[in-house]
>>> print(open('entry_0.pdb').read())   # PDB, C-alpha atoms
ATOM      1  CA  MET V   1     166.747  42.342 209.362
ATOM      2  CA  LYS V   2     164.696  43.533 212.307
ATOM      3  CA  VAL V   3     166.186  43.335 215.794
ATOM      4  CA  PRO V   4     163.862  43.814 218.815
ATOM      5  CA  PHE V   5     164.549  47.045 220.686
ATOM      6  CA  GLU V   6     165.496  45.248 223.922
ATOM      7  CA  GLU V   7     168.251  43.311 222.081
ATOM      8  CA  ARG V   8     169.856  46.462 220.660
ATOM      9  CA  THR V   9     173.025  47.928 222.116
ATOM     10  CA  VAL V  10     174.070  51.484 221.450
ATOM     11  CA  ILE V  11     177.828  51.696 221.056
ATOM     12  CA  ARG V  12     179.004  54.825 222.826
ATOM     13  CA  GLY V  13     182.704  54.677 222.067
ATOM     14  CA  PRO V  14     185.662  52.619 220.838
ATOM     15  CA  LYS V  15     186.342  51.028 224.247
ATOM     16  CA  GLN V  16     182.876  49.524 224.616
ATOM     17  CA  LYS V  17     182.860  45.729 224.457
ATOM     18  CA  VAL V  18     180.443  43.967 222.108
ATOM     19  CA  ARG V  19     179.658  40.246 221.942
ATOM     20  CA  SER V  20     181.449  38.501 219.068
ATOM     21  CA  ASN V  21     178.117  37.222 217.718
ATOM     22  CA  ALA V  22     176.361  40.604 217.937
ATOM     23  CA  ILE V  23     174.374  41.812 214.924
ATOM     24  CA  LEU V  24     175.631  45.276 214.050
ATOM     25  CA  PHE V  25     174.016  48.133 212.131
ATOM     26  CA  ILE V  26     175.297  51.539 211.042
ATOM     27  CA  ASP V  27     172.625  54.075 210.120
ATOM     28  CA  GLY V  28     170.104  51.221 209.930
ATOM     29  CA  LYS V  29     172.200  49.147 207.486
ATOM     30  CA  LEU V  30     173.364  45.674 208.464
ATOM     31  CA  ILE V  31     177.125  45.244 208.789
ATOM     32  CA  PRO V  32     178.137  41.751 207.591
ATOM     33  CA  GLY V  33     179.353  39.494 210.378
ATOM     34  CA  PRO V  34     182.903  38.244 210.650
ATOM     35  CA  ALA V  35     184.197  35.772 208.103
ATOM     36  CA  PRO V  36     184.035  32.187 209.345
ATOM     37  CA  LEU V  37     187.066  30.839 211.102
ATOM     38  CA  LEU V  38     188.663  28.134 208.934
ATOM     39  CA  MET V  39     191.591  25.910 209.819
ATOM     40  CA  VAL V  40     193.163  22.810 208.304
ATOM     41  CA  TYR V  41     194.773  19.895 210.083
ATOM     42  CA  HIS V  42     196.547  16.836 208.738
ATOM     43  CA  LYS V  43     194.918  13.988 210.667
ATOM     44  CA  PRO V  44     197.351  11.162 211.283
ATOM     45  CA  LYS V  45     196.360   7.505 211.187
ATOM     46  CA  PHE V  46     194.715   6.105 214.297
ATOM     47  CA  MET V  47     192.943   9.290 215.342
ATOM     48  CA  LEU V  48     189.150   9.655 215.499
ATOM     49  CA  SER V  49     187.533  12.414 213.428
ATOM     50  CA  VAL V  50     185.365  13.527 216.363
ATOM     51  CA  MET V  51     185.758  16.165 219.048
ATOM     52  CA  GLU V  52     185.460  13.614 221.865
ATOM     53  CA  ASP V  53     185.369   9.847 222.060
ATOM     54  CA  ASP V  54     182.243   7.916 222.999
ATOM     55  CA  LYS V  55     182.077   7.412 226.770
ATOM     56  CA  LYS V  56     181.981   3.614 226.428
ATOM     57  CA  TYR V  57     185.453   3.677 224.808
ATOM     58  CA  LEU V  58     187.171   6.062 227.238
ATOM     59  CA  ASP V  59     189.186   3.211 228.741
ATOM     60  CA  GLN V  60     190.839   2.698 225.321
ATOM     61  CA  GLN V  61     192.245   6.250 225.369
ATOM     62  CA  ARG V  62     191.811   6.687 221.615
ATOM     63  CA  ARG V  63     193.167   9.937 220.201
ATOM     64  CA  HIS V  64     190.603  12.347 218.709
ATOM     65  CA  LEU V  65     190.454  15.809 217.131
ATOM     66  CA  GLY V  66     189.257  17.403 220.372
ATOM     67  CA  GLN V  67     192.727  16.755 221.783
ATOM     68  CA  VAL V  68     194.479  18.780 219.084
ATOM     69  CA  LEU V  69     192.044  21.684 218.668
ATOM     70  CA  HIS V  70     192.664  24.418 221.230
ATOM     71  CA  PRO V  71     189.647  24.758 223.585
ATOM     72  CA  ARG V  72     189.105  28.426 222.637
ATOM     73  CA  TYR V  73     188.318  27.325 219.059
ATOM     74  CA  ALA V  74     185.901  24.647 220.244
ATOM     75  CA  ARG V  75     184.161  27.275 222.422
ATOM     76  CA  ALA V  76     183.902  29.485 219.314
ATOM     77  CA  GLY V  77     181.947  26.735 217.564
ATOM     78  CA  VAL V  78     184.757  25.417 215.375
ATOM     79  CA  HIS V  79     184.011  21.863 214.251
ATOM     80  CA  PRO V  80     185.477  19.320 211.824
ATOM     81  CA  VAL V  81     184.028  19.376 208.318
ATOM     82  CA  GLY V  82     183.503  15.741 207.388
ATOM     83  CA  ARG V  83     185.445  12.812 208.674
ATOM     84  CA  LEU V  84     188.207  10.411 207.821
ATOM     85  CA  ASP V  85     188.310   6.794 208.879
ATOM     86  CA  TYR V  86     190.273   5.976 212.033
ATOM     87  CA  ASP V  87     193.005   4.113 210.166
ATOM     88  CA  THR V  88     193.522   6.751 207.444
ATOM     89  CA  SER V  89     195.410  10.028 207.326
ATOM     90  CA  GLY V  90     194.516  13.169 205.437
ATOM     91  CA  LEU V  91     193.411  16.770 205.487
ATOM     92  CA  ILE V  92     190.569  17.774 207.819
ATOM     93  CA  LEU V  93     188.992  21.201 207.492
ATOM     94  CA  PHE V  94     187.668  22.935 210.605
ATOM     95  CA  SER V  95     185.013  25.642 210.292
ATOM     96  CA  SER V  96     182.919  27.865 212.528
ATOM     97  CA  ASP V  97     180.248  28.183 209.830
ATOM     98  CA  GLY V  98     177.565  25.475 209.874
ATOM     99  CA  GLN V  99     176.111  26.611 206.529
ATOM    100  CA  LEU V 100     179.512  26.264 204.880
ATOM    101  CA  THR V 101     179.889  22.795 206.401
ATOM    102  CA  ASN V 102     176.517  21.782 204.982
ATOM    103  CA  LYS V 103     177.393  23.144 201.527
ATOM    104  CA  LEU V 104     180.654  21.200 201.491
ATOM    105  CA  LEU V 105     179.267  17.900 202.774
ATOM    106  CA  HIS V 106     175.732  17.548 201.476
ATOM    107  CA  PRO V 107     175.722  15.152 198.496
ATOM    108  CA  LYS V 108     173.185  17.292 196.607
ATOM    109  CA  LYS V 109     175.677  20.174 196.527
ATOM    110  CA  GLY V 110     178.000  18.099 194.320
ATOM    111  CA  VAL V 111     181.284  19.135 195.946
ATOM    112  CA  GLU V 112     183.966  16.795 194.645
ATOM    113  CA  LYS V 113     186.174  14.891 197.048
ATOM    114  CA  GLU V 114     189.404  13.211 196.069
ATOM    115  CA  TYR V 115     190.922  10.167 197.769
ATOM    116  CA  VAL V 116     194.208   8.353 197.472
ATOM    117  CA  ALA V 117     194.261   4.677 198.406
ATOM    118  CA  THR V 118     197.255   2.358 198.515
ATOM    119  CA  VAL V 119     196.596  -1.273 197.630
ATOM    120  CA  MET V 120     198.726  -4.378 197.740
ATOM    121  CA  GLY V 121     199.366  -6.254 194.518
ATOM    122  CA  GLU V 122     198.519  -5.533 190.905
ATOM    123  CA  VAL V 123     195.620  -3.263 189.907
ATOM    124  CA  ASN V 124     193.483  -4.042 186.858
ATOM    125  CA  LYS V 125     192.799  -0.436 185.899
ATOM    126  CA  GLU V 126     189.956  -1.117 183.439
ATOM    127  CA  GLU V 127     188.090  -3.459 185.791
ATOM    128  CA  LEU V 128     188.431  -1.009 188.650
ATOM    129  CA  LYS V 129     187.304   1.918 186.487
ATOM    130  CA  GLU V 130     184.174   0.008 185.427
ATOM    131  CA  LYS V 131     183.378  -1.082 188.997
ATOM    132  CA  LEU V 132     183.657   2.459 190.336
ATOM    133  CA  ALA V 133     181.590   3.904 187.462
ATOM    134  CA  ALA V 134     178.849   1.305 188.105
ATOM    135  CA  GLY V 135     178.794   2.241 191.789
ATOM    136  CA  VAL V 136     179.779   0.752 195.094
ATOM    137  CA  GLU V 137     177.090  -0.062 197.645
ATOM    138  CA  THR V 138     177.640   1.258 201.159
ATOM    139  CA  THR V 139     175.400   1.550 204.197
ATOM    140  CA  GLU V 140     174.303   4.947 202.845
ATOM    141  CA  GLY V 141     173.437   3.812 199.302
ATOM    142  CA  VAL V 142     175.213   3.286 195.994
ATOM    143  CA  HIS V 143     177.994   5.753 195.205
ATOM    144  CA  THR V 144     179.996   6.205 192.041
ATOM    145  CA  ALA V 145     183.540   7.476 191.648
ATOM    146  CA  THR V 146     185.911   8.251 188.824
ATOM    147  CA  LEU V 147     189.318   6.587 188.800
ATOM    148  CA  LEU V 148     191.720   9.417 188.006
ATOM    149  CA  GLU V 149     195.024   7.634 188.102
ATOM    150  CA  VAL V 150     196.816   4.436 189.043
ATOM    151  CA  MET V 151     200.469   4.883 189.884
ATOM    152  CA  THR V 152     202.688   1.828 189.990
ATOM    153  CA  SER V 153     205.451   1.722 192.549
ATOM    154  CA  ASP V 154     208.927   1.876 191.064
ATOM    155  CA  GLY V 155     211.555  -0.540 192.256
ATOM    156  CA  PRO V 156     211.629  -2.723 195.324
ATOM    157  CA  SER V 157     209.893  -1.632 198.487
ATOM    158  CA  GLU V 158     208.846  -3.203 201.761
ATOM    159  CA  ARG V 159     205.374  -3.765 200.297
ATOM    160  CA  ASP V 160     204.245  -4.059 196.692
ATOM    161  CA  GLU V 161     201.683  -1.215 196.603
ATOM    162  CA  ASP V 162     199.861   0.736 193.905
ATOM    163  CA  PRO V 163     198.384   4.101 194.933
ATOM    164  CA  LEU V 164     194.906   4.760 193.495
ATOM    165  CA  ILE V 165     193.531   8.268 193.102
ATOM    166  CA  LEU V 166     189.732   8.419 193.100
ATOM    167  CA  ARG V 167     187.349  11.323 192.706
ATOM    168  CA  ASN V 168     183.887  11.043 194.155
ATOM    169  CA  ASN V 169     181.183  13.623 193.608
ATOM    170  CA  ASN V 170     178.766  12.568 196.297
ATOM    171  CA  TYR V 171     180.336  10.897 199.304
ATOM    172  CA  GLU V 172     182.478  12.251 202.073
ATOM    173  CA  ASP V 173     184.680   9.464 203.363
ATOM    174  CA  GLU V 174     186.638   6.371 202.508
ATOM    175  CA  GLU V 175     183.896   3.820 203.220
ATOM    176  CA  GLU V 176     183.455   3.440 199.458
ATOM    177  CA  ILE V 177     187.065   2.383 199.016
ATOM    178  CA  ASP V 178     186.740  -0.038 201.940
ATOM    179  CA  GLU V 179     183.575  -1.491 200.424
ATOM    180  CA  LEU V 180     185.309  -1.977 197.095
ATOM    181  CA  GLY V 181     187.859  -4.231 198.754
ATOM    182  CA  ASP V 182     185.134  -6.347 200.363
ATOM    183  CA  ASP V 183     183.172  -6.786 197.098
ATOM    184  CA  TYR V 184     185.995  -7.283 194.653
ATOM    185  CA  ASP V 185     187.799 -10.605 194.315
ATOM    186  CA  GLY V 186     190.174  -9.633 191.519
ATOM    187  CA  PRO V 187     193.945  -9.681 191.484
ATOM    188  CA  TYR V 188     194.331  -6.751 193.883
ATOM    189  CA  SER V 189     191.839  -7.771 196.563
ATOM    190  CA  ASP V 190     192.961  -8.776 200.054
TER     191      ASP V 190
END
>>> encode(input="entry_0.pdb", output="structure tokens")
Amino acid sequence: MKVPFEERTVIRGPKQKVRSNAILFIDGKLIPGPAPLLMVYHKPKFMLSVMEDDKKYLDQQRRHLGQVLHPRYARAGVHPVGRLDYDTSGLILFSSDGQLTNKLLHPKKGVEKEYVATVMGEVNKEELKEKLAAGVETTEGVHTATLLEVMTSDGPSERDEDPLILRNNNYEDEEEIDELGDDYDGPYSD
């Protein structure tokens, strides 16, 4: 890597301050930069997966990730990796590395994502497995998923729910699960 002379800084001692994004060399050899800053956060339901809400919705005072991430991390370029729907909860990864974010989210990279959905009523496992394998059409195209498991609730509860665990190799949020509910008119549809 070649750095123009005017952008070089000679470090004269241990007390000299250097920008955090400076490119450093020792004896002409590049010193690798710092590891990306990574953090995880469990997003609760009814929180937007964005750093700030759209100005036209400010009067609604919707919660968003920018309210929970300390400003010093936002200034350091930390951003959410992917998104979760407003009415879902789950793990959100934050990263300061845009290349890592792209590798994790881009469908061509094939990074698997796993989702758990809770549905009301009885689930026809074979029908659901076939539907997911055939693909579910969303606004971004047709996406397939593998049904990993259907767990039936044991005993009485406030709601009769069956959690579904899905693995999807090429899509980053729950829109596919939402779309399934709109398309399917079987025994476990709304």
>>> closest_residue(input="entry_0.pdb", among="V:Met151, V:Val68, V:Leu100, V:Ile11", to="V:Ala35", atoms="only C-alpha atoms")
V:Leu100
>>> atom_distance(input="entry_0.pdb", atom1="atom CA of V:Pro36", atom2="atom CA of V:Ser95")
6.7 Å
>>> closest_residue(input="entry_0.pdb", among="V:Arg62, V:Lys103, V:Ser96, V:Glu122", to="V:Arg75", atoms="all atoms listed in the file")
V:Ser96
>>> closest_atom_pairs(input="entry_0.pdb", of="stretch 50-131 of chain V", to="stretch 143-149 of chain V", cutoff="12 Å", atoms="all atoms listed in the file", output="JSON lines")
{"residue": "V:Pro107", "atom": "CA", "partner": "V:His143", "partner_atom": "CA", "distance": 10.2}
{"residue": "V:Glu112", "atom": "CA", "partner": "V:Ala145", "partner_atom": "CA", "distance": 9.8}
{"residue": "V:Lys113", "atom": "CA", "partner": "V:Ala145", "partner_atom": "CA", "distance": 9.5}
{"residue": "V:Glu114", "atom": "CA", "partner": "V:Leu148", "partner_atom": "CA", "distance": 9.2}
{"residue": "V:Tyr115", "atom": "CA", "partner": "V:Leu147", "partner_atom": "CA", "distance": 9.8}
{"residue": "V:Val116", "atom": "CA", "partner": "V:Glu149", "partner_atom": "CA", "distance": 9.4}
{"residue": "V:Ala117", "atom": "CA", "partner": "V:Glu149", "partner_atom": "CA", "distance": 10.7}
{"residue": "V:Thr118", "atom": "CA", "partner": "V:Glu149", "partner_atom": "CA", "distance": 11.9}
{"residue": "V:Val123", "atom": "CA", "partner": "V:Glu149", "partner_atom": "CA", "distance": 11.1}
{"residue": "V:Asn124", "atom": "CA", "partner": "V:Leu147", "partner_atom": "CA", "distance": 11.6}
{"residue": "V:Lys125", "atom": "CA", "partner": "V:Leu147", "partner_atom": "CA", "distance": 8.4}
{"residue": "V:Glu126", "atom": "CA", "partner": "V:Leu147", "partner_atom": "CA", "distance": 9.4}
{"residue": "V:Glu127", "atom": "CA", "partner": "V:Leu147", "partner_atom": "CA", "distance": 10.6}
{"residue": "V:Leu128", "atom": "CA", "partner": "V:Leu147", "partner_atom": "CA", "distance": 7.6}
{"residue": "V:Lys129", "atom": "CA", "partner": "V:Leu147", "partner_atom": "CA", "distance": 5.6}
{"residue": "V:Glu130", "atom": "CA", "partner": "V:Leu147", "partner_atom": "CA", "distance": 9.0}
{"residue": "V:Lys131", "atom": "CA", "partner": "V:Thr144", "partner_atom": "CA", "distance": 8.6}
>>> atom_distance(input="entry_0.pdb", atom1="atom CA of V:Asp97", atom2="atom CA of V:Phe46")
26.8 Å
>>> atom_distance(input="entry_0.pdb", atom1="atom CA of V:Glu140", atom2="atom CA of V:Lys108")
13.9 Å
>>> resolve_selection(input="entry_0.pdb", expression="the PyMOL selection byres ((chain V and resi 78) around 12)", output="list of chain:residue names")
V:Pro36, V:Leu37, V:Leu38, V:Met39, V:Val40, V:Val50, V:Met51, V:Leu65, V:Gly66, V:Leu69, V:His70, V:Pro71, V:Arg72, V:Tyr73, V:Ala74, V:Arg75, V:Ala76, V:Gly77, V:His79, V:Pro80, V:Val81, V:Leu93, V:Phe94, V:Ser95, V:Ser96, V:Asp97, V:Gly98, V:Leu100, V:Thr101
>>> axis_aligned_box(input="entry_0.pdb", around="stretch 98-103 of chain V", padding_each_side="4 Å", output="AutoDock Vina command-line options")
--center_x 178.0 --center_y 24.2 --center_z 205.7 --size_x 11.8 --size_y 12.8 --size_z 16.3
>>> closest_residue(input="entry_0.pdb", among="V:Lys2, V:Val10, V:Gln16, V:Pro44", to="V:Leu30", atoms="all atoms listed in the file")
V:Lys2
>>> closest_residue(input="entry_0.pdb", among="V:Pro34, V:Gly90, V:Gly121, V:Gly13", to="V:Ser49", atoms="only C-alpha atoms")
V:Gly90
>>> resolve_selection(input="entry_0.pdb", expression="the PyMOL selection byres ((chain V and resi 88) around 10)", output="PDB file with C-alpha atoms, in the coordinates of the input")
ATOM      1  CA  LYS V  43     194.918  13.988 210.667  1.00  0.00           C
ATOM      2  CA  PRO V  44     197.351  11.162 211.283  1.00  0.00           C
ATOM      3  CA  LYS V  45     196.360   7.505 211.187  1.00  0.00           C
ATOM      4  CA  PHE V  46     194.715   6.105 214.297  1.00  0.00           C
ATOM      5  CA  MET V  47     192.943   9.290 215.342  1.00  0.00           C
ATOM      6  CA  LEU V  48     189.150   9.655 215.499  1.00  0.00           C
ATOM      7  CA  LEU V  84     188.207  10.411 207.821  1.00  0.00           C
ATOM      8  CA  ASP V  85     188.310   6.794 208.879  1.00  0.00           C
ATOM      9  CA  TYR V  86     190.273   5.976 212.033  1.00  0.00           C
ATOM     10  CA  ASP V  87     193.005   4.113 210.166  1.00  0.00           C
ATOM     11  CA  SER V  89     195.410  10.028 207.326  1.00  0.00           C
ATOM     12  CA  GLY V  90     194.516  13.169 205.437  1.00  0.00           C
ATOM     13  CA  ALA V 117     194.261   4.677 198.406  1.00  0.00           C
ATOM     14  CA  GLU V 174     186.638   6.371 202.508  1.00  0.00           C
TER      15      GLU V 174
END
>>> residues_around(input="entry_0.pdb", residues="V:Asp53", least_positions_apart="4", cutoff="7 Å", atoms="all atoms listed in the file", output="list in words")
Tyr57, Leu58 and His64 of chain V
